[in-house]
Each structure stands twice: as C-alpha cells, then as structure tokens.
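A.B. asks: One structure is given below, represented as structure tokens, and several questions about it will come after.
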Amino acid sequence: MMKRFLFISISIISFIISTFASDHVPKIKPLKKFIELGWDIPSPSFLRQNWEDMEKTTPFDGVIYYIAGINDSGRMVDSQAAWDTNKWDISWFAKTIDDLKQCKFKKFTDNFIRFNATPGDIDWADDIGWQNLFEKVHMCARICEEVSSKGLALDFESYGKNQFKYDPTGDLSFEKAKTLARKRGRGFINAIASAKPDAVILALWLNSINFKAPNSGNPDSILINETYGLLPAFIDGMLDSLPPSMTLIDGCENGYYMDSYQEFLQAANDIRSWTGPAIQLVSQENQSKYRAQVQVGFGFYLDMYLNNPGSRYYFPPLDNSRLKRLWRNLSAAANASDQYIWIYGEQCRWWKQLPNDSWLTSLSNSVGKGRPWEEAIPGLTRTIMLIKDPESLFKKELHDNKLTNLAINPEFLIPPEKNNLPVGYSAWQDPKLSKGEFLYDKTTGNGSILARKVQNGCLIQKHRVSETDYYYIRVKALPKGNSIPLLLIRWQDSNERWCLENNDKVFTFSGNSNDWQQATGHVQIPSGVNFMVVLLVVRNQINENDLCWFDDLEIYKLPIAF
C-alpha cells in the first residue's frame, strides 16, 4: 500500500511535468494581501512624512487612509464624512494629491482611500444630492488613479443617519425605495469607473451583513426592518454598471467574531457559492457577474486578543496563549479569503509617530493605552508575516543566520555505509518502470548522489515533525539529457503510514539548464501528521546520457512565537 500511494503521487507529477514543459507559462499564485485600518488611520500628510518607516516596520501590503481638503469657507472636508448632499471642488485637495505623490511606495502596493456612508442623510429621491455624492466619489477615484492607489475602501456602517434602513414613515414604499437604491448604486459605480475603471473596491461588508434575510424564504420580509435592508438593492445597482475590469471585495466585517476554521470557511462559502445567501440577494441577471467579480475578504479585529475577560470583544487563550489563538484565526481568515484581509485595531497603533495627540489621550484608560501593537501583543508582527509570506520570513531569518539546517548529511559528505547511498538517505524506484540506480559520487561537488537510468524513483529522507510547524526546504539538482527532477514533500502518521496524499507538495527546479538548478518550497505541517518525508524525485531517464545529481539539501524549521 505504501508503494502504491507513492506511485500515485508521482504519476500525478507526470501531468505537472508536461504542463511545465509546455509552451504555457504557469501563473504565479498571488500572495494574500494584508491591509491596515484602525483608529491610527493616516492622512496624506502623515503618509508623506512617515511612509518609509511605515513600510519598514510593519507587515502590511497596504494601508487604508483618508483624504482631506479645505473648502472655500476654510473648513476641513474629508472622505470619512462625504456621504451628504454638499459639493466638493477638486482644487481643495491639491495639497493632498501632492502629499500622496511624494510617497514612493514599494511595499505598500495596495492602498485604499476610505469612503464612509457618513453622515448618510441623502433622500433616495434627491437627484441633485446623489449627483453631488457621485462627483465626490469620482474625485476620490480620480485621486486613486493619479497617485496609484488601488481603489476605495467603502464603509457602509451608519455612524450618523442610517442611509440604508428603510423608513416606513416616508413617502416611499419598500419596493420604490429598493428601485431608487438600485438606481443610486448604478450611478455610484459609474462615477468610480469613469475615473478608474480598474479600481478595486474593498467594502468592509457587502451582502455578508444581511445573511439572515435569504434564509427566511422571503428576504424582503426581513430586509424591510433590517438596519441595512436597502443595501442589497444598492449593491445590485453597483453590479448593474460594474465594468469587467473592476473587482468588488465583500470584506465580511463579521470576521471579527469568528473563532474557528469552520466559521471562516462557512462564511466564505456563503459569500461566493451559487447557492449561498449572499447571491440570493442579487438579481438573477447579475449573478454571473457577482460570481466572477466579487471576492471574499475578512475583517480581523486585533482588540479581541487584547481586551480583558468580561469584554464583549474578548477571545481567551488557546493553550495558554492568546497569540496562538490569534495565529489560528488569522490563518483561517487568510486561508478562506480570496485575496484581502483587513486588520483593524482601536486601542494601539502601528506607526511610530502618532496621528495626533488627542487620539492618544482618548485611549489613556484603555487596555492598549495607545501603545505600539507589537508592545501590547509581543510577536504579533512576526506572526502576521508567518501567515502572510512565510517564504520571505524564512529567507530573511536564514540570511540573518537565525536558522539551523536540520537535514541529515545535507552536503553528502558522509559516504555510503551500504547500498551505495550516503548516510541519512534511502531510495525507491517503481519496479515496473525503473531499473536504474542511485550512486554516491564524491567527484561532483564535494560529494553528491547520482541517479542513472531511473525512469521513476526518488531519494528519501524522513523527519519527525509536529503539526502546524513551518518548514523551508531547498535542494540543488544537476539534470542532464531527458532527466526531470522534482522536490516532493509527503506525510506519514504516527504509525509511519502514508496519509493526506491530497496535501502532497511538489516544487520544481529552476535555473540554467546547463548548470546546477534549485528547488525551493515552504510547507506547514498538516494536522494528523507525525513525519515529513522529503523525496528527491527523478524521472524520464531512458539512456546513458540521462543523468541527474542531487546536492546541498537544506531543511529549516521556522520557530513560532508561542
């Protein structure tokens, strides 16, 4: 049975090999994007002064900021309180635009202008009022385009009057209010698209705020009394006019309260599924567009892991560590999301400099007291990096000499004791296909292993591991002729039986075809695994000129902070 499982995995690799050997260039899997939002939200002038340090000292891919200007009366206007009937003039934002242009972001590739539904007091039938709002959101999108920000972060939460709650005392029936809301959604997205047709709209929530309604059998009977009961119609209008180049993110702010992989995966399924509650709030003519252009994101509330017991916003320790609980839940959010996770915090700050002194004063009695987040939750920055981009973290800590190579006889310097194999290695070949050999070669490199006439086989090294640990593996190969090397990582349980074959990890070699090539990969040990098996696979050796050497195996464990 063990050999059969190995054969199945390597047979699957045949398809992978043919794909990589074709004329098609494989797409690079995008990294998940972690975006910062909090009470420490920066202004453009703050970004201008601090962007380099912000990029250097935090784990984020971007930041949500607000734009502000001075109107003709000398009063400040900003995008966090723009949802009203007042007009703007783009000239008011000349300094904002100049400040943003001076930010030469390298790491913050995905920045968003925050645009709130505040004060939220536009009558649905007020054409002029809505047109003024559309002009304001158009200006924000125009600024995004001019300064290379990704798009808008929409916050539909009611901090003033509730724009999206149906008013039964008004002149409009619920059906008429929905029709107007959909019309305004069309105008809203048209205003954005006319300035930035490729905008990403990171909404802190879309239909995920109204999951109860579709489960009722008659959504309108619930929505008519809900706080955001007119929002689905507005979103449907956005979809009506959404160009193919634009993406909407349902940022699912309810992620704040999710406390398991199951909860995040269930929410993601509810948002994206053809039969989920979110799409049931979308008109039939827009459902295909919704599936194609609406992504799942999650909000993640750091204060849940800082507050004291008794708070409504409190998660207790996991195995005596609140950081471990944070790591588990943030890992789940990242795994379930399509791309974006926005990390929100109130009581602490990410930036060395303060946005303003009054902000710190307002937090003097809080648990966080406006301290740096890293001080309040030690290990937080590294934990986010561990989830977001473990390979970059591996490379940095390897460069800083913080990691130890755990491979046995990594450079093949200890010669064979038996079977022509160096100490620490075993070998396997498919007996039906392969009649080659693995030989110790002390003349190539400082010592290496040579595979010859191996049509389907591998060198093997096994390591005892613990679930959830992270490992970084790399190895060199020198293939000649038709040889195709691969790095394969497989799993065994406590009885050393193969398990979780669907979680096998395959990494290809790259480099100069006439020189040593390298395969690199990082893995997280799945639940239920006790042994990680590293296989240096070689295939397709048919004649005497098909040779492949392996050398310099490196296996590093990345420590975690709990």
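We name chains A, B, ... following the order of the structure tokens; residues begin at 1 in each chain, and ligands are numbered from 1 as shown.
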I want to know what sits within 12 Å of Leu133 of chain A, based on only C-alpha atoms, with residues of the same chain fewer than 4 positions away left out; could you give that as a PDB file with C-alpha atoms, in the first residue's frame?
C.D. replies:
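selection_23.pdb, written as the output of this step:
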```
ATOM      1  CA  SER A  79     -13.672  61.234   2.681  1.00  0.00           C
ATOM      2  CA  ALA A  81     -17.742  62.131   6.162  1.00  0.00           C
ATOM      3  CA  ALA A  82     -18.574  62.701   2.499  1.00  0.00           C
ATOM      4  CA  TRP A  83     -21.965  60.961   2.249  1.00  0.00           C
ATOM      5  CA  ASP A  84     -24.114  64.066   2.088  1.00  0.00           C
ATOM      6  CA  THR A  85     -25.506  66.483  -0.489  1.00  0.00           C
ATOM      7  CA  ASN A  86     -22.681  69.011  -0.301  1.00  0.00           C
ATOM      8  CA  LYS A  87     -20.471  69.611  -3.338  1.00  0.00           C
ATOM      9  CA  TRP A  88     -16.673  69.381  -3.455  1.00  0.00           C
ATOM     10  CA  ASP A  89     -14.113  71.085  -5.628  1.00  0.00           C
ATOM     11  CA  PHE A 115     -15.053  56.447   1.896  1.00  0.00           C
ATOM     12  CA  ASN A 116     -17.757  56.244   4.568  1.00  0.00           C
ATOM     13  CA  ALA A 117     -21.551  56.297   4.316  1.00  0.00           C
ATOM     14  CA  THR A 118     -21.492  59.162   6.818  1.00  0.00           C
ATOM     15  CA  PRO A 119     -23.460  61.251   7.649  1.00  0.00           C
ATOM     16  CA  GLY A 120     -25.771  59.221   5.381  1.00  0.00           C
ATOM     17  CA  ASP A 121     -28.584  61.693   5.040  1.00  0.00           C
ATOM     18  CA  ILE A 122     -29.371  61.806   1.305  1.00  0.00           C
ATOM     19  CA  ASP A 123     -33.023  61.366   0.380  1.00  0.00           C
ATOM     20  CA  TRP A 124     -33.329  58.492  -2.087  1.00  0.00           C
ATOM     21  CA  ASP A 126     -32.936  63.652  -4.328  1.00  0.00           C
ATOM     22  CA  ASP A 127     -31.332  63.511  -7.788  1.00  0.00           C
ATOM     23  CA  ILE A 128     -29.159  66.578  -7.193  1.00  0.00           C
ATOM     24  CA  GLY A 129     -27.959  65.350  -3.806  1.00  0.00           C
ATOM     25  CA  VAL A 137     -16.656  59.550  -5.157  1.00  0.00           C
ATOM     26  CA  HIS A 138     -15.496  60.270  -8.715  1.00  0.00           C
ATOM     27  CA  MET A 139     -12.890  62.709  -7.303  1.00  0.00           C
ATOM     28  CA  CYS A 140     -11.688  60.049  -4.856  1.00  0.00           C
ATOM     29  CA  ARG A 184     -28.148  55.091  -6.954  1.00  0.00           C
ATOM     30  CA  GLY A 185     -25.854  52.052  -6.870  1.00  0.00           C
ATOM     31  CA  GLY A 187     -24.661  55.927 -10.512  1.00  0.00           C
ATOM     32  CA  PHE A 188     -22.178  55.309  -7.708  1.00  0.00           C
ATOM     33  CA  ILE A 189     -20.170  52.688  -9.580  1.00  0.00           C
ATOM     34  CA  ASN A 190     -20.366  54.639 -12.852  1.00  0.00           C
ATOM     35  CA  ALA A 191     -18.786  57.596 -11.080  1.00  0.00           C
ATOM     36  CA  ILE A 192     -15.887  55.436  -9.908  1.00  0.00           C
TER      37      ILE A 192
END
```
A.B. asks: Identify, on the basis of only C-alpha atoms, every residue whose closest approach to Asp259 of chain A does not exceed 10 Å; exclude the query and any residue fewer than 4 positions from it along the same chain; express the result as a ChimeraX atom specification.
C.D. replies: /A:255,263-264,315,325-326,328-330,332-333
A.B. asks: Could you save those same residues with C-alpha atoms as a PDB file, in the first residue's frame?
C.D. replies:
```
ATOM      1  CA  GLY A 255     -14.873  38.013  10.701  1.00  0.00           C
ATOM      2  CA  GLU A 263     -16.601  29.573  10.712  1.00  0.00           C
ATOM      3  CA  PHE A 264     -14.349  31.342   8.208  1.00  0.00           C
ATOM      4  CA  PHE A 315     -11.095  35.809  22.928  1.00  0.00           C
ATOM      5  CA  ARG A 325      -5.474  31.903  19.138  1.00  0.00           C
ATOM      6  CA  LEU A 326      -4.809  34.985  17.018  1.00  0.00           C
ATOM      7  CA  ARG A 328      -5.065  30.189  14.330  1.00  0.00           C
ATOM      8  CA  ASN A 329      -7.907  32.574  13.484  1.00  0.00           C
ATOM      9  CA  LEU A 330      -5.866  34.836  11.221  1.00  0.00           C
ATOM     10  CA  ALA A 332      -8.149  30.650   8.931  1.00  0.00           C
ATOM     11  CA  ALA A 333      -9.168  34.080   7.610  1.00  0.00           C
TER      12      ALA A 333
END
```
A.B. asks: Once DSSP has gone over the backbone, tell me which residues of segment 201-255 of chain A are in strand (DSSP E), as a list in words.
C.D. replies: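 Reading the DSSP output for segment 201-255 of chain A, strand (DSSP E) covers Ile201, Leu202, Ala203, Thr247, Leu248, Ile249 and Asp250 of chain A.
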A.B. asks: Let me see the file: selected residues, C-alpha atoms, as a PDB file, in the first residue's frame.
C.D. replies:
```
ATOM      1  CA  ILE A 201     -13.490  48.298  -4.154  1.00  0.00           C
ATOM      2  CA  LEU A 202     -12.687  46.920  -0.719  1.00  0.00           C
ATOM      3  CA  ALA A 203     -16.037  47.126   1.064  1.00  0.00           C
ATOM      4  CA  THR A 247     -13.357  43.981  -8.573  1.00  0.00           C
ATOM      5  CA  LEU A 248     -15.597  44.160  -5.509  1.00  0.00           C
ATOM      6  CA  ILE A 249     -14.488  42.692  -2.179  1.00  0.00           C
ATOM      7  CA  ASP A 250     -17.009  41.646   0.454  1.00  0.00           C
TER       8      ASP A 250
END
```
A.B. asks: Considering only C-alpha atoms, return as a count of residues only whatever protein or nucleic-acid residues lie within 7 Å of segment 57-72 of chain A, sequence-local ones (same chain, fewer than 4 positions apart) excluded.
C.D. replies: 31
A.B. asks: From the options A:Ile222, A:Leu413, A:Glu544, A:Ser311, which residue's atoms come nearest to Thr444 of chain A, counting only C-alpha atoms?
C.D. replies: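 Nearest candidate to Thr444 of chain A out of A:Ile222, A:Leu413, A:Glu544, A:Ser311: A:Leu413.
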